Amino acid sequence: MLVILFIYFIGKRFYDLSEEYNQNKWLFAILGVLIYYIIGSLLLAGIVLLDVLVFDWGFDWESGFGMNLLMVPLGLIAVWAFYVFLEGRWKKTVIVAKDEINDIGRHID
C-alpha cells in the first residue's frame, strides 16, 4: 500500500513541475517513478555488493522486507536529486514575455 502512495505522489509532483514549465506532463511523471525504482535498485545493489565483496557487514540480504526498507530512502534521494536537476534546468530556459503594449506608437531605435 505504501508503494502505491509513493508512485502517486512522485508522479503527481513531477506532473505538476512539468506543467508549470510547459513540458510533457506524462513523460516526466512516468520518468520520475522509473527513476525511483531504477536508481533505488542500482544503489541497493551497490550496497549489497559492497557488503558481500568488501566490508562483510553481515546483513541478512535474503530478507525482502529489509531490502525494501533500505530501497525507500535511496529511491527518494534519487528522485529528489532528479527533481532539483529538472527544476534548475527548466528555470534557466523560461522565456519571459515582454509587455509590448506600452511600446505601441514609439519609434524603434
# chains A, B, ... in the order shown; residues from 1 in each chain; ligands from 1
$ residues_around --residues "stretch 40-51 of chain A" --least-positions-apart "2" --cutoff "7 Å" --atoms "only C-alpha atoms" --output "number ranges by chain"
A: 36-38, 53-57, 71, 74-75, 78
$ select_by_dssp --residues "chain A" --states "alpha helix (DSSP H)" --output "PyMOL selection string"
chain A and resi 2-20+25-49+64-92
$ atom_distance --atom1 "atom CA of A:Leu27" --atom2 "atom CA of A:Val84"
16.9 Å
$ closest_residue --among "A:Trp90, A:Phe59, A:Tyr83, A:Phe65" --to "A:Leu31" --atoms "only C-alpha atoms"
A:Tyr83
$ atom_distance --atom1 "atom CA of A:Val72" --atom2 "atom CA of A:Asp16"
22.0 Å
$ atom_distance --atom1 "atom CA of A:Ile77" --atom2 "atom CA of A:Asp60"
23.3 Å
